[in-house]
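Dropping protein.cif in here (mmCIF, C-alpha atoms):
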```cif
data_run
#
loop_
_atom_site.group_PDB
_atom_site.id
_atom_site.type_symbol
_atom_site.label_atom_id
_atom_site.label_comp_id
_atom_site.auth_asym_id
_atom_site.auth_seq_id
_atom_site.Cartn_x
_atom_site.Cartn_y
_atom_site.Cartn_z
ATOM 1 C CA MET A 807 77.825 -45.579 -174.850
ATOM 2 C CA SER A 808 77.343 -43.395 -177.883
ATOM 3 C CA THR A 809 73.797 -42.388 -178.704
ATOM 4 C CA GLU A 810 74.696 -39.321 -180.674
ATOM 5 C CA GLY A 811 71.718 -37.857 -182.475
ATOM 6 C CA THR A 812 69.093 -39.322 -180.132
ATOM 7 C CA VAL A 813 67.487 -38.237 -176.881
ATOM 8 C CA ARG A 814 66.903 -40.966 -174.316
ATOM 9 C CA THR A 815 63.812 -40.664 -172.104
ATOM 10 C CA ALA A 816 63.973 -41.878 -168.504
ATOM 11 C CA ALA A 817 61.655 -41.933 -165.510
ATOM 12 C CA ARG A 818 62.865 -41.581 -161.900
ATOM 13 C CA ALA A 819 61.262 -41.820 -158.463
ATOM 14 C CA LEU A 820 61.627 -39.230 -155.718
ATOM 15 C CA ILE A 821 61.024 -41.265 -152.546
ATOM 16 C CA ILE A 822 61.258 -39.392 -149.246
ATOM 17 C CA GLU A 823 60.807 -40.955 -145.807
ATOM 18 C CA SER A 824 61.846 -39.645 -142.399
ATOM 19 C CA ASP A 825 63.519 -36.578 -143.960
ATOM 20 C CA ALA A 826 65.757 -38.722 -146.203
ATOM 21 C CA VAL A 827 65.826 -39.374 -149.962
ATOM 22 C CA LEU A 828 66.203 -42.895 -151.321
ATOM 23 C CA VAL A 829 69.029 -43.151 -153.868
ATOM 24 C CA VAL A 830 70.962 -45.765 -155.771
ATOM 25 C CA GLU A 831 74.698 -45.602 -155.050
ATOM 26 C CA TYR A 832 77.237 -46.108 -157.825
ATOM 27 C CA ARG A 833 81.037 -46.131 -157.740
ATOM 28 C CA ASP A 834 83.592 -45.564 -160.478
ATOM 29 C CA ALA A 835 87.219 -44.402 -160.666
ATOM 30 C CA HIS A 836 86.150 -40.948 -159.441
ATOM 31 C CA GLY A 837 84.424 -42.333 -156.326
ATOM 32 C CA PRO A 838 80.803 -42.709 -155.265
ATOM 33 C CA TRP A 839 77.858 -40.934 -156.875
ATOM 34 C CA TYR A 840 74.108 -41.165 -156.462
ATOM 35 C CA LEU A 841 70.993 -41.173 -158.628
ATOM 36 C CA LEU A 842 67.310 -41.278 -157.908
ATOM 37 C CA PRO A 843 66.082 -44.783 -158.729
ATOM 38 C CA GLY A 844 64.755 -45.220 -162.241
ATOM 39 C CA GLY A 845 66.014 -45.477 -165.778
ATOM 40 C CA GLY A 846 65.380 -45.658 -169.472
ATOM 41 C CA GLN A 847 61.952 -45.914 -170.990
ATOM 42 C CA ARG A 848 61.235 -48.758 -173.416
ATOM 43 C CA HIS A 849 59.354 -48.305 -176.692
ATOM 44 C CA GLU A 850 55.574 -48.257 -176.058
ATOM 45 C CA GLU A 851 56.064 -48.229 -172.263
ATOM 46 C CA THR A 852 54.405 -45.435 -170.302
ATOM 47 C CA LEU A 853 56.580 -43.330 -168.025
ATOM 48 C CA VAL A 854 54.662 -44.590 -164.973
ATOM 49 C CA ALA A 855 55.184 -48.222 -166.009
ATOM 50 C CA CYS A 856 58.848 -47.415 -166.677
ATOM 51 C CA VAL A 857 59.505 -45.982 -163.211
ATOM 52 C CA ARG A 858 57.735 -48.918 -161.553
ATOM 53 C CA ARG A 859 59.780 -51.450 -163.545
ATOM 54 C CA GLU A 860 63.084 -49.659 -163.030
ATOM 55 C CA VAL A 861 62.591 -49.240 -159.276
ATOM 56 C CA ARG A 862 61.700 -52.923 -158.989
ATOM 57 C CA GLU A 863 64.876 -53.842 -160.933
ATOM 58 C CA GLU A 864 67.197 -51.533 -158.954
ATOM 59 C CA LEU A 865 65.747 -51.797 -155.429
ATOM 60 C CA GLU A 866 63.582 -54.951 -155.470
ATOM 61 C CA VAL A 867 60.536 -53.035 -154.221
ATOM 62 C CA ASP A 868 57.172 -51.959 -155.572
ATOM 63 C CA ILE A 869 56.108 -48.315 -155.447
ATOM 64 C CA GLU A 870 53.013 -46.184 -155.630
ATOM 65 C CA VAL A 871 53.628 -43.481 -158.221
ATOM 66 C CA GLY A 872 52.382 -39.983 -157.430
ATOM 67 C CA ARG A 873 52.406 -36.681 -159.247
ATOM 68 C CA LEU A 874 55.026 -35.411 -161.660
ATOM 69 C CA ARG A 875 57.562 -33.454 -159.618
ATOM 70 C CA TYR A 876 60.015 -32.077 -162.186
ATOM 71 C CA VAL A 877 61.831 -32.655 -165.486
ATOM 72 C CA ARG A 878 65.633 -32.735 -165.752
ATOM 73 C CA GLU A 879 67.710 -32.618 -168.912
ATOM 74 C CA PHE A 880 71.198 -34.168 -168.920
ATOM 75 C CA LEU A 881 73.793 -33.535 -171.623
ATOM 76 C CA SER A 882 77.142 -35.296 -171.229
ATOM 77 C CA SER A 883 78.851 -32.331 -172.914
ATOM 78 C CA ASP A 884 78.017 -30.335 -169.759
ATOM 79 C CA HIS A 885 79.630 -33.029 -167.557
ATOM 80 C CA PRO A 886 83.095 -33.908 -168.909
ATOM 81 C CA ASP A 887 83.741 -36.455 -166.118
ATOM 82 C CA SER A 888 80.601 -38.435 -166.935
ATOM 83 C CA HIS A 889 81.101 -42.117 -167.723
ATOM 84 C CA LEU A 890 78.289 -41.866 -170.294
ATOM 85 C CA GLY A 891 80.488 -40.625 -173.136
ATOM 86 C CA ALA A 892 80.210 -37.891 -175.711
ATOM 87 C CA GLY A 893 76.848 -37.150 -177.241
ATOM 88 C CA PHE A 894 74.694 -38.645 -174.465
ATOM 89 C CA HIS A 895 71.446 -36.686 -174.057
ATOM 90 C CA GLN A 896 68.719 -37.740 -171.620
ATOM 91 C CA LEU A 897 65.417 -36.216 -170.582
ATOM 92 C CA GLU A 898 64.410 -37.406 -167.100
ATOM 93 C CA VAL A 899 60.871 -37.201 -165.767
ATOM 94 C CA VAL A 900 60.804 -37.387 -161.956
ATOM 95 C CA PHE A 901 57.704 -38.560 -160.097
ATOM 96 C CA GLU A 902 56.925 -38.432 -156.397
ATOM 97 C CA ALA A 903 56.598 -42.008 -155.159
ATOM 98 C CA ARG A 904 56.064 -44.059 -152.011
ATOM 99 C CA LEU A 905 57.286 -47.528 -151.155
ATOM 100 C CA ALA A 906 54.555 -50.147 -151.095
ATOM 101 C CA ALA A 907 53.577 -51.148 -147.555
ATOM 102 C CA GLY A 908 56.203 -53.336 -145.903
ATOM 103 C CA SER A 909 58.795 -52.813 -148.652
ATOM 104 C CA ARG A 910 62.498 -52.660 -147.779
ATOM 105 C CA PRO A 911 64.842 -51.486 -150.556
ATOM 106 C CA ARG A 912 67.900 -53.684 -151.167
ATOM 107 C CA MET A 913 70.552 -54.459 -153.741
ATOM 108 C CA PRO A 914 69.197 -56.659 -156.528
ATOM 109 C CA ALA A 915 70.700 -60.034 -157.397
ATOM 110 C CA THR A 916 71.853 -58.579 -160.737
ATOM 111 C CA PRO A 917 72.613 -54.882 -160.172
ATOM 112 C CA ASP A 918 73.228 -52.278 -162.850
ATOM 113 C CA PRO A 919 76.875 -51.812 -163.852
ATOM 114 C CA LEU A 920 78.699 -49.729 -161.213
ATOM 115 C CA GLN A 921 75.761 -50.033 -158.751
ATOM 116 C CA CYS A 922 77.185 -50.730 -155.296
ATOM 117 C CA GLY A 923 74.433 -49.827 -152.866
ATOM 118 C CA VAL A 924 71.082 -48.410 -151.883
ATOM 119 C CA ARG A 925 71.076 -45.506 -149.420
ATOM 120 C CA TRP A 926 68.842 -43.076 -147.625
ATOM 121 C CA LEU A 927 70.518 -39.643 -147.770
ATOM 122 C CA PRO A 928 69.348 -37.146 -145.115
ATOM 123 C CA ILE A 929 67.839 -34.096 -146.784
ATOM 124 C CA GLU A 930 69.636 -31.744 -144.375
ATOM 125 C CA THR A 931 73.013 -32.924 -145.716
ATOM 126 C CA LEU A 932 72.160 -32.534 -149.388
#
```
Entire entry expressed as structure tokens:
Amino acid sequence: MSTEGTVRTAARALIIESDAVLVVEYRDAHGPWYLLPGGGQRHEETLVACVRREVREELEVDIEVGRLRYVREFLSSDHPDSHLGAGFHQLEVVFEARLAAGSRPRMPATPDPLQCGVRWLPIETL
């Protein structure tokens, strides 16, 4: 995935329940790794709409989006083992979020490439 010369914008959800963080689990040749649910923003899509759509796609749940929590910048040149390839540059906007009442996160019928699970990671172990 070469996007050299561009910066990709993404929105992610920080969902905490019972002292655990909800993450999407991925696996590649290096083993498992985890990301907050969310993903790339589409042209003319707000960041809030983006995080809602992405969480629905990855976890099959609806969320209530809260306040902006933090901004993270990712450059693949700083992570030589990244599967994203040279020149990948992403700006991630992370929002606090809550699962809609009665929602239970689960693997979607058509998961993202390398997605292998949905997990609650205890904060004390992070």
Q | All residues 8 Å or closer to Phe901 of chain A, all atoms listed in the file, same chain fewer than 5 positions away omitted, as a PyMOL selection string | A | chain A and resi 817-820+871-876
With C-alpha atoms retained, could you export that selection as a compact mmCIF listing (two decimals), in the coordinates of the input?
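Listing of out11.txt after writing:
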```txt
# COMPACT_ATOMS: atom_id res chain seq x y z
CA ALA A 817 61.66 -41.93 -165.51
CA ARG A 818 62.86 -41.58 -161.90
CA ALA A 819 61.26 -41.82 -158.46
CA LEU A 820 61.63 -39.23 -155.72
CA VAL A 871 53.63 -43.48 -158.22
CA GLY A 872 52.38 -39.98 -157.43
CA ARG A 873 52.41 -36.68 -159.25
CA LEU A 874 55.03 -35.41 -161.66
CA ARG A 875 57.56 -33.45 -159.62
CA TYR A 876 60.02 -32.08 -162.19
```
**Q.** Target residues per the PyMOL selection byres ((chain A and resi 928-932) around 6), formatted as a PyMOL selection string
**A.** chain A and resi 825-826+927
(Q) Quick check on the file I pasted: which residues fall under the PyMOL selection byres ((chain A and resi 895) around 7)? Write them as a PyMOL selection string. (A) chain A and resi 813-814+880-882+893-894+896-897
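Taking atom CA of Trp839 of chain A and atom CA of Cys922 of chain A as the two end points, the separation is 9.9 Å.
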Q) Quick one: residues within 10 Å of Gly845 of chain A, all atoms listed in the file counted, chain neighbours fewer than 4 positions away excluded, as a PyMOL selection string? A) chain A and resi 814-819+841+853+856-861+863-864+898-899
Q.
Taking the file as I've supplied it (selection: the PyMOL selection byres ((chain A and resi 914-917) around 9)), which residues are included? Please answer as a ChimeraX atom specification.
A. /A:862-866,912-913,918-922
Q: Please measure the separation of atom CA of Arg904 of chain A and atom CA of Trp926 of chain A, giving the value in Å to one decimal.
A: 13.5 Å
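Going from atom CA of Arg878 of chain A to atom CA of Ala835 of chain A covers 25.1 Å.
Non-sequential neighbours of Val830 of chain A (distance at most 6 Å, separation of 4 or more positions within a chain, all atoms listed in the file) are A:Tyr840, A:Leu841, A:Pro843, A:Val924.
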Q: Extract, using only C-alpha atoms, all DNA, RNA and protein residues at most 12 Å from Ala907 of chain A, discarding same-chain residues fewer than 6 positions from it, and format them as a list in words.
A: Val867, Asp868, Ile869 and Glu870 of chain A
Build an axis-aligned box that encloses every atom of segment 860-869 of chain A listed in the file, pad it by 6 Å on each side, and report its centre and edge lengths in Å to one decimal, as AutoDock Vina command-line options.
```
--center_x 61.7 --center_y -51.6 --center_z -158.6 --size_x 23.1 --size_y 18.6 --size_z 20.8
```
Q: Choose the residue, out of A:Gly923, A:Asp884, A:Leu842, A:His836, that has the smallest atom-to-atom separation from Ile822 of chain A; count only C-alpha atoms.
A: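 Closest candidate: A:Leu842.
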